[in-house]
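Shown next, in C-alpha cells, is the structure this report addresses.
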Amino acid sequence: MTPSLQMEKSRIALPIGITLDRFIKSKQTEYPSAAGEFSQLLRDLALASKVVNREINKAGLVDIMGNIGQQNKGGDEQQKLDVLANIRFTRALSKGGEVAGIVSEETEDFIDLKNKGKYIVAIDPLDGSSNIDVNVSIGTIFSIFKRKSKVGQPLSKKDFLQKGDCQIAAGYILYGPSTMMVYTTGNGVNGFTYETTLGEYVLSHPDMKCKTTGTIYSMNEGLTSYIINKGITNYIALCKSRDYSGRYIGSLVADFHRNLLKGGIFLYPSCKKYPKGKLRLLFEANALAFIVEQAGGEASDGSKPILKIQPTQLHETTALFIGSKNMMKDLQKCINKN
Ligand code: AHM
Ligand code: MG
C-alpha cells in the first residue's frame, strides 16, 4: 500500500468525536420530566443555525448584505441577514411544537404560538449586525425558560419577563472562521464546532472554564468621554497600568467567546449616550451571564448580578460587565471606591 493511501485510510478510520445530537441524547436523563421535548428544542436551534450559517457564508455572493431600510425596536437599522435569521429561527422553533412563545430582538412584541409547548425562548437571531457588511464574526444568542402560565392559557408578558436566574438553558452560536455552538443547561458549558462536510456540530470544547484572571479588557473606548461612573474609567486605567491588551470586535458573541477561552473582561457601561446601557437584558446579557457563571466567571450591571435583575420590559437594556472572576472583583472594587 502506498504511504498516501495508508494515510488516507487512517484518516477515514479516525473517530469523528461526539456529535451534538449524541451529546444531547446522552444528557437526556438530566431532564426526566421533559427529556425528549427539551432535546428537540436544542436540535431545532442547531438546525436553524446551520441554515443561517449557510446564508452568512454566501452573503458576499448574493444580494443579502446591507440594510433593509427598516428599523427594529431599539432603533437600529435592520440588516437583511438579521431579518433572514429571525425568520429562520422563528420558523424552526414554531414548527417544533416544544416552544410556546418566542420573543426576539428583531420584533416588537412576543409571539404566542398557541400550542401545548412548555418553553419560552428569548433570542437575538443575529447579533453584531454592524459587522455583517464587513465580513467580521457575528452570532446568535438564546435563552430558554419554562413558561409561567398554564399550558392551554394565552401567554402574557409574565412568561417572558423572568429573571435570568430562571433560565433552564442558554447558548450562543458564533459564525466566525469556524462556526460554533456553545450552551449550558446549568450543568457546565460545552462547545461544539460545526464540521461543514458532515453537516454536524461536534464536541470540541467540553466543560469550558473561564480563567479566574486574564489580561484582556474589551470596551468601546470611543465611549470614554460619555462615562459618568469614575470607577469604570479608573478600572480601565488599572488595566492599562497592568499592560493588559485591549481587544474589541464590536460583536458581543465574538468578544465574549474570546474572553471565555482566554480569560478577560467585557465592559459596556451605562453612559451619557446610553443612560441604561446598550445591550439587551433578555436577548444578550442574560444568556451570556448564565454561561459565564457556569464556566466560573461573573456578570453584573455594576451593582448586582445580571441573573438577579427582574426585567420590566421586553426590550430593556442594561449595563454589562462580564468575564473572569478576579477581573470582575477588581472592577467592583473600583466602582465601590468611587
Ligand atoms: P446588535 O444586536 O444590534 O447587533 O447590537 C449589539 C452589538 C453587540 O454585539 C456589541 O457588543 C455592541 O453592539 C457594540 O456596540 P458599539 O458599536 O456601540 O461598540
Ligand atoms: Mg444584539
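Residue numbers start at 1 in each chain; chains themselves are named A, B, ... in the order of the C-alpha cells; ligands are numbered from 1 in the order shown.
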
Given only C-alpha atoms, how would the per-residue table for range 159-208 of chain A near range 34-53 of chain A read, listing every residue at most 10 Å away with its closest atom pair and distance in Å to one decimal, sorted by chain and number, as CSV?
residue,atom,partner,partner_atom,distance
A:Ile168,CA,A:Phe38,CA,9.9
A:Ala169,CA,A:Leu42,CA,9.3
A:Ala170,CA,A:Leu42,CA,9.9
A:Gly171,CA,A:Leu42,CA,9.7
A:Tyr172,CA,A:Ser49,CA,9.8
A:Ile173,CA,A:Ser49,CA,7.2
A:Leu174,CA,A:Asn53,CA,9.3
A:Tyr175,CA,A:Asn53,CA,6.6
A:Gly176,CA,A:Asn53,CA,9.5
A:Ser178,CA,A:Asn53,CA,9.8
A:Thr179,CA,A:Asn53,CA,7.5
A:Met180,CA,A:Ser49,CA,9.6
A:Met181,CA,A:Ala46,CA,7.7
A:Tyr183,CA,A:Leu42,CA,9.4
A:Tyr194,CA,A:Lys50,CA,8.4
A:Thr196,CA,A:Lys50,CA,9.1
A:Gly199,CA,A:Lys50,CA,7.9
A:Glu200,CA,A:Lys50,CA,8.8
A:Tyr201,CA,A:Ala46,CA,8.2

As a CSV table (one decimal) with all heavy atoms, in the first residue's frame, please: every protein or nucleic acid residue near ligand 1 (cut-off 7 Å, counting only C-alpha atoms and all ligand atoms).
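Contents of the output file pocket38.csv:
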chain,number,residue,atom,x,y,z
A,76,ASP,N,-32.2,50.4,15.7
A,76,ASP,CA,-31.1,50.0,14.8
A,76,ASP,C,-31.7,49.8,13.4
A,76,ASP,O,-32.8,49.3,13.3
A,76,ASP,CB,-30.4,48.7,15.3
A,76,ASP,CG,-30.1,48.7,16.8
A,76,ASP,OD1,-29.5,49.8,17.2
A,76,ASP,OD2,-30.3,47.8,17.4
A,124,ASP,N,-31.7,36.7,20.2
A,124,ASP,CA,-31.1,37.7,19.3
A,124,ASP,C,-30.6,36.9,18.1
A,124,ASP,O,-29.6,36.3,18.2
A,124,ASP,CB,-30.0,38.4,20.0
A,124,ASP,CG,-29.4,39.5,19.1
A,124,ASP,OD1,-29.9,39.6,17.9
A,124,ASP,OD2,-28.6,40.3,19.6
A,126,LEU,N,-29.4,37.5,15.2
A,126,LEU,CA,-28.1,37.9,14.6
A,126,LEU,C,-27.5,39.1,15.3
A,126,LEU,O,-27.9,40.2,15.0
A,126,LEU,CB,-28.3,38.1,13.1
A,126,LEU,CG,-27.0,37.8,12.3
A,126,LEU,CD1,-26.6,36.3,12.5
A,126,LEU,CD2,-27.3,38.0,10.8
A,127,ASP,N,-26.6,38.8,16.2
A,127,ASP,CA,-26.0,39.9,17.0
A,127,ASP,C,-24.7,40.4,16.3
A,127,ASP,O,-24.0,39.6,15.8
A,127,ASP,CB,-25.7,39.3,18.4
A,127,ASP,CG,-25.1,40.4,19.2
A,127,ASP,OD1,-25.8,41.4,19.5
A,127,ASP,OD2,-23.9,40.3,19.6
A,128,GLY,N,-24.5,41.7,16.4
A,128,GLY,CA,-23.3,42.3,15.9
A,128,GLY,C,-23.5,42.7,14.5
A,128,GLY,O,-22.6,42.7,13.6
A,129,SER,N,-24.8,43.2,14.2
A,129,SER,CA,-25.2,43.5,12.8
A,129,SER,C,-24.3,44.5,12.1
A,129,SER,O,-24.2,44.5,10.9
A,129,SER,CB,-26.6,43.8,12.7
A,129,SER,OG,-27.1,44.4,13.9
A,130,SER,N,-23.6,45.4,12.9
A,130,SER,CA,-22.8,46.4,12.2
A,130,SER,C,-21.6,45.7,11.5
A,130,SER,O,-20.9,46.3,10.7
A,130,SER,CB,-22.3,47.4,13.2
A,130,SER,OG,-21.5,46.9,14.1
A,220,ASN,N,-15.7,49.5,24.1
A,220,ASN,CA,-15.7,50.5,23.1
A,220,ASN,C,-15.1,51.8,23.7
A,220,ASN,O,-15.9,52.6,24.3
A,220,ASN,CB,-17.1,50.7,22.5
A,220,ASN,CG,-17.1,51.8,21.5
A,220,ASN,OD1,-16.1,52.5,21.3
A,220,ASN,ND2,-18.3,52.0,20.9
A,250,GLY,N,-16.6,44.3,18.6
A,250,GLY,CA,-17.9,45.0,18.4
A,250,GLY,C,-19.0,44.1,18.0
A,250,GLY,O,-20.1,44.5,17.7
A,251,SER,N,-18.7,42.8,18.2
A,251,SER,CA,-19.7,41.7,18.1
A,251,SER,C,-19.7,41.0,19.5
A,251,SER,O,-18.7,40.4,19.8
A,251,SER,CB,-19.4,40.6,17.1
A,251,SER,OG,-19.8,41.0,15.8
A,252,LEU,N,-20.8,41.2,20.2
A,252,LEU,CA,-20.7,40.7,21.6
A,252,LEU,C,-20.3,39.2,21.7
A,252,LEU,O,-19.5,38.8,22.5
A,252,LEU,CB,-22.1,40.9,22.2
A,252,LEU,CG,-22.3,40.5,23.7
A,252,LEU,CD1,-21.3,41.2,24.6
A,252,LEU,CD2,-23.7,40.8,24.2
A,253,VAL,N,-20.9,38.4,20.8
A,253,VAL,CA,-20.7,36.9,20.9
A,253,VAL,C,-19.2,36.7,20.7
A,253,VAL,O,-18.5,35.9,21.4
A,253,VAL,CB,-21.5,36.2,19.9
A,253,VAL,CG1,-21.1,34.7,19.8
A,253,VAL,CG2,-23.0,36.3,20.2
A,279,LEU,N,-26.8,47.1,25.8
A,279,LEU,CA,-27.1,45.7,25.5
A,279,LEU,C,-28.5,45.3,26.1
A,279,LEU,O,-28.8,45.8,27.2
A,279,LEU,CB,-26.0,44.8,25.9
A,279,LEU,CG,-24.7,45.2,25.1
A,279,LEU,CD1,-23.5,44.5,25.7
A,279,LEU,CD2,-24.8,44.9,23.6

For the helix (DSSP H, G or I) assignment from backbone DSSP, which residues of range 113-284 of chain A qualify? Please present them as a PyMOL selection string.
chain A and resi 129-134+157-160+164-166+221-226+230-241+252-262+281-284

Env of Arg247 in chain A: 7 Å cut, atoms = only C-alpha atoms, seq-sep filter 2 positions within chain, self excluded. Answer as a ChimeraX atom specification.
/A:216-218,245,249

Limited to all heavy atoms, could you put the picked residues into a file as a short mmCIF file (atom, residue, chain, number, x, y, z; two decimals), in the first residue's frame?
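Once everything was written out, this is result.cif:
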data_model
loop_
_atom_site.label_atom_id
_atom_site.label_comp_id
_atom_site.auth_asym_id
_atom_site.auth_seq_id
_atom_site.Cartn_x
_atom_site.Cartn_y
_atom_site.Cartn_z
N ILE A 216 -7.02 40.54 29.15
CA ILE A 216 -7.70 41.23 28.04
C ILE A 216 -8.87 42.05 28.60
O ILE A 216 -9.67 41.53 29.39
CB ILE A 216 -8.25 40.22 27.01
CG1 ILE A 216 -7.10 39.49 26.31
CG2 ILE A 216 -9.14 40.92 25.98
CD1 ILE A 216 -7.56 38.37 25.40
N TYR A 217 -8.97 43.30 28.21
CA TYR A 217 -10.18 44.06 28.52
C TYR A 217 -10.81 44.50 27.20
O TYR A 217 -10.10 44.83 26.25
CB TYR A 217 -9.89 45.25 29.45
CG TYR A 217 -9.15 46.40 28.80
CD1 TYR A 217 -9.85 47.51 28.32
CD2 TYR A 217 -7.78 46.37 28.66
CE1 TYR A 217 -9.18 48.57 27.72
CE2 TYR A 217 -7.10 47.41 28.05
CZ TYR A 217 -7.80 48.52 27.59
OH TYR A 217 -7.13 49.55 26.98
N SER A 218 -12.13 44.44 27.15
CA SER A 218 -12.85 44.73 25.90
C SER A 218 -13.89 45.79 26.15
O SER A 218 -14.87 45.55 26.85
CB SER A 218 -13.58 43.49 25.40
OG SER A 218 -12.77 42.36 25.50
N SER A 245 -4.11 43.76 27.38
CA SER A 245 -4.38 44.07 25.97
C SER A 245 -5.82 44.52 25.81
O SER A 245 -6.73 43.89 26.37
CB SER A 245 -4.17 42.82 25.10
OG SER A 245 -2.85 42.40 25.21
N ILE A 249 -14.06 43.68 19.24
CA ILE A 249 -14.53 43.35 17.88
C ILE A 249 -15.80 44.15 17.57
O ILE A 249 -16.01 44.58 16.44
CB ILE A 249 -14.79 41.83 17.76
CG1 ILE A 249 -13.47 41.06 17.95
CG2 ILE A 249 -15.41 41.48 16.41
CD1 ILE A 249 -13.63 39.58 18.18
#

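Interatomic distance, CA of Thr224 in chain A against CA of Asp243 in chain A: 18.5 Å.
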
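Atom pair CA of Asp159 in chain A / CA of Glu106 in chain A has a distance of 18.4 Å (rounded to one decimal).
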
Residue nearest Gly296 in chain A among A:Ile144, A:Leu260, A:Leu14, A:Leu81 (counting only C-alpha atoms):
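Among the listed residues, the smallest separation from Gly296 in chain A belongs to A:Leu260.
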
DSSP on the backbone: which residues in range 85-171 of chain A end up as strand (DSSP E or B)? Give the answer as a VMD selection string.
chain A and resid 99 to 104 111 to 112 119 to 127 138 to 146 169 to 171

By how many Å are CA of Val189 in chain A and CA of Gly323 in chain A apart?
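These two atoms are separated by 14.4 Å.
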
Rank A:Ile12, A:Ala289, A:Ile306, A:Ile138 by their smallest atom-to-atom distance to Pro125 in chain A, using only C-alpha atoms, and report the top residue only.
A:Ile138

For ligand 2, which residue out of A:Thr215, A:Thr90, A:Thr317, A:Ser156 is the nearest one, using only C-alpha atoms and all ligand atoms?
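Among the listed residues, A:Thr317 lies closest to ligand 2.
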
Using only C-alpha atoms and all ligand atoms for the distances, tell me which of A:Gly117, A:Pro15, A:Pro269, A:Gly139 is nearest to ligand 2.
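Checking each candidate against ligand 2, we get A:Gly139 as the closest.
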
Excluding Arg280 in chain A and any residue of its chain fewer than 6 positions from it, enumerate the residues within 8 Å of it, using only C-alpha atoms, and give them as a PyMOL selection string.
chain A and resi 315-318

Name all residues at most 12 Å from Gln167 in chain A (count only C-alpha atoms; drop same-chain ones fewer than 4 positions away) and give them as a list in words.
Tyr119, Ile120, Val121, Ala122, Phe142, Ser143, Ile144, Phe145, Lys146, Arg147, Asp159, Phe160, Leu161, Gln162, Lys163, Gly171, Tyr183, Thr184, Thr185, Gly186, Leu282, Asn286, Ala287, Leu288, Ala289, Phe290, Ile291, Leu307 and Lys308 of chain A

May I have the residues from that selection written out with C-alpha atoms, as an mmCIF file, in the first residue's frame?
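Final output, again.cif:
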data_model
loop_
_atom_site.group_PDB
_atom_site.id
_atom_site.type_symbol
_atom_site.label_atom_id
_atom_site.label_comp_id
_atom_site.auth_asym_id
_atom_site.auth_seq_id
_atom_site.Cartn_x
_atom_site.Cartn_y
_atom_site.Cartn_z
ATOM 1 C CA TYR A 119 -40.869 26.519 26.849
ATOM 2 C CA ILE A 120 -40.241 30.183 26.181
ATOM 3 C CA VAL A 121 -37.327 31.343 24.027
ATOM 4 C CA ALA A 122 -35.741 34.807 24.005
ATOM 5 C CA PHE A 142 -30.631 32.421 23.018
ATOM 6 C CA SER A 143 -32.211 31.899 26.437
ATOM 7 C CA ILE A 144 -34.693 29.167 27.293
ATOM 8 C CA PHE A 145 -37.213 29.386 30.140
ATOM 9 C CA LYS A 146 -40.153 27.293 31.293
ATOM 10 C CA ARG A 147 -43.468 29.057 30.674
ATOM 11 C CA ASP A 159 -43.949 34.395 30.708
ATOM 12 C CA PHE A 160 -41.170 36.442 29.129
ATOM 13 C CA LEU A 161 -40.207 38.845 31.924
ATOM 14 C CA GLN A 162 -38.424 36.221 34.004
ATOM 15 C CA LYS A 163 -35.163 36.775 35.857
ATOM 16 C CA GLY A 171 -26.324 29.451 24.473
ATOM 17 C CA TYR A 183 -24.524 26.155 25.506
ATOM 18 C CA THR A 184 -25.304 25.356 29.095
ATOM 19 C CA THR A 185 -28.232 23.656 30.774
ATOM 20 C CA GLY A 186 -26.962 24.642 34.206
ATOM 21 C CA LEU A 282 -33.403 39.479 27.608
ATOM 22 C CA ASN A 286 -28.985 37.022 30.451
ATOM 23 C CA ALA A 287 -27.749 34.165 28.285
ATOM 24 C CA LEU A 288 -24.089 35.167 28.461
ATOM 25 C CA ALA A 289 -24.350 35.740 32.222
ATOM 26 C CA PHE A 290 -25.709 32.210 32.716
ATOM 27 C CA ILE A 291 -22.920 30.774 30.563
ATOM 28 C CA LEU A 307 -29.101 36.988 36.669
ATOM 29 C CA LYS A 308 -30.825 38.719 39.626
#

Between A:Leu113, A:Leu5, A:Met327, A:Ile232, single out the one closest to Lys95 in chain A, counting only C-alpha atoms.
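That would be A:Leu113, the residue with the smallest distance to Lys95 in chain A.
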
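Shortest atom-to-atom contact with ligand 2 among A:Lys150, A:Ala254, A:Ala59, A:Glu284: A:Glu284, counting only C-alpha atoms and all ligand atoms.
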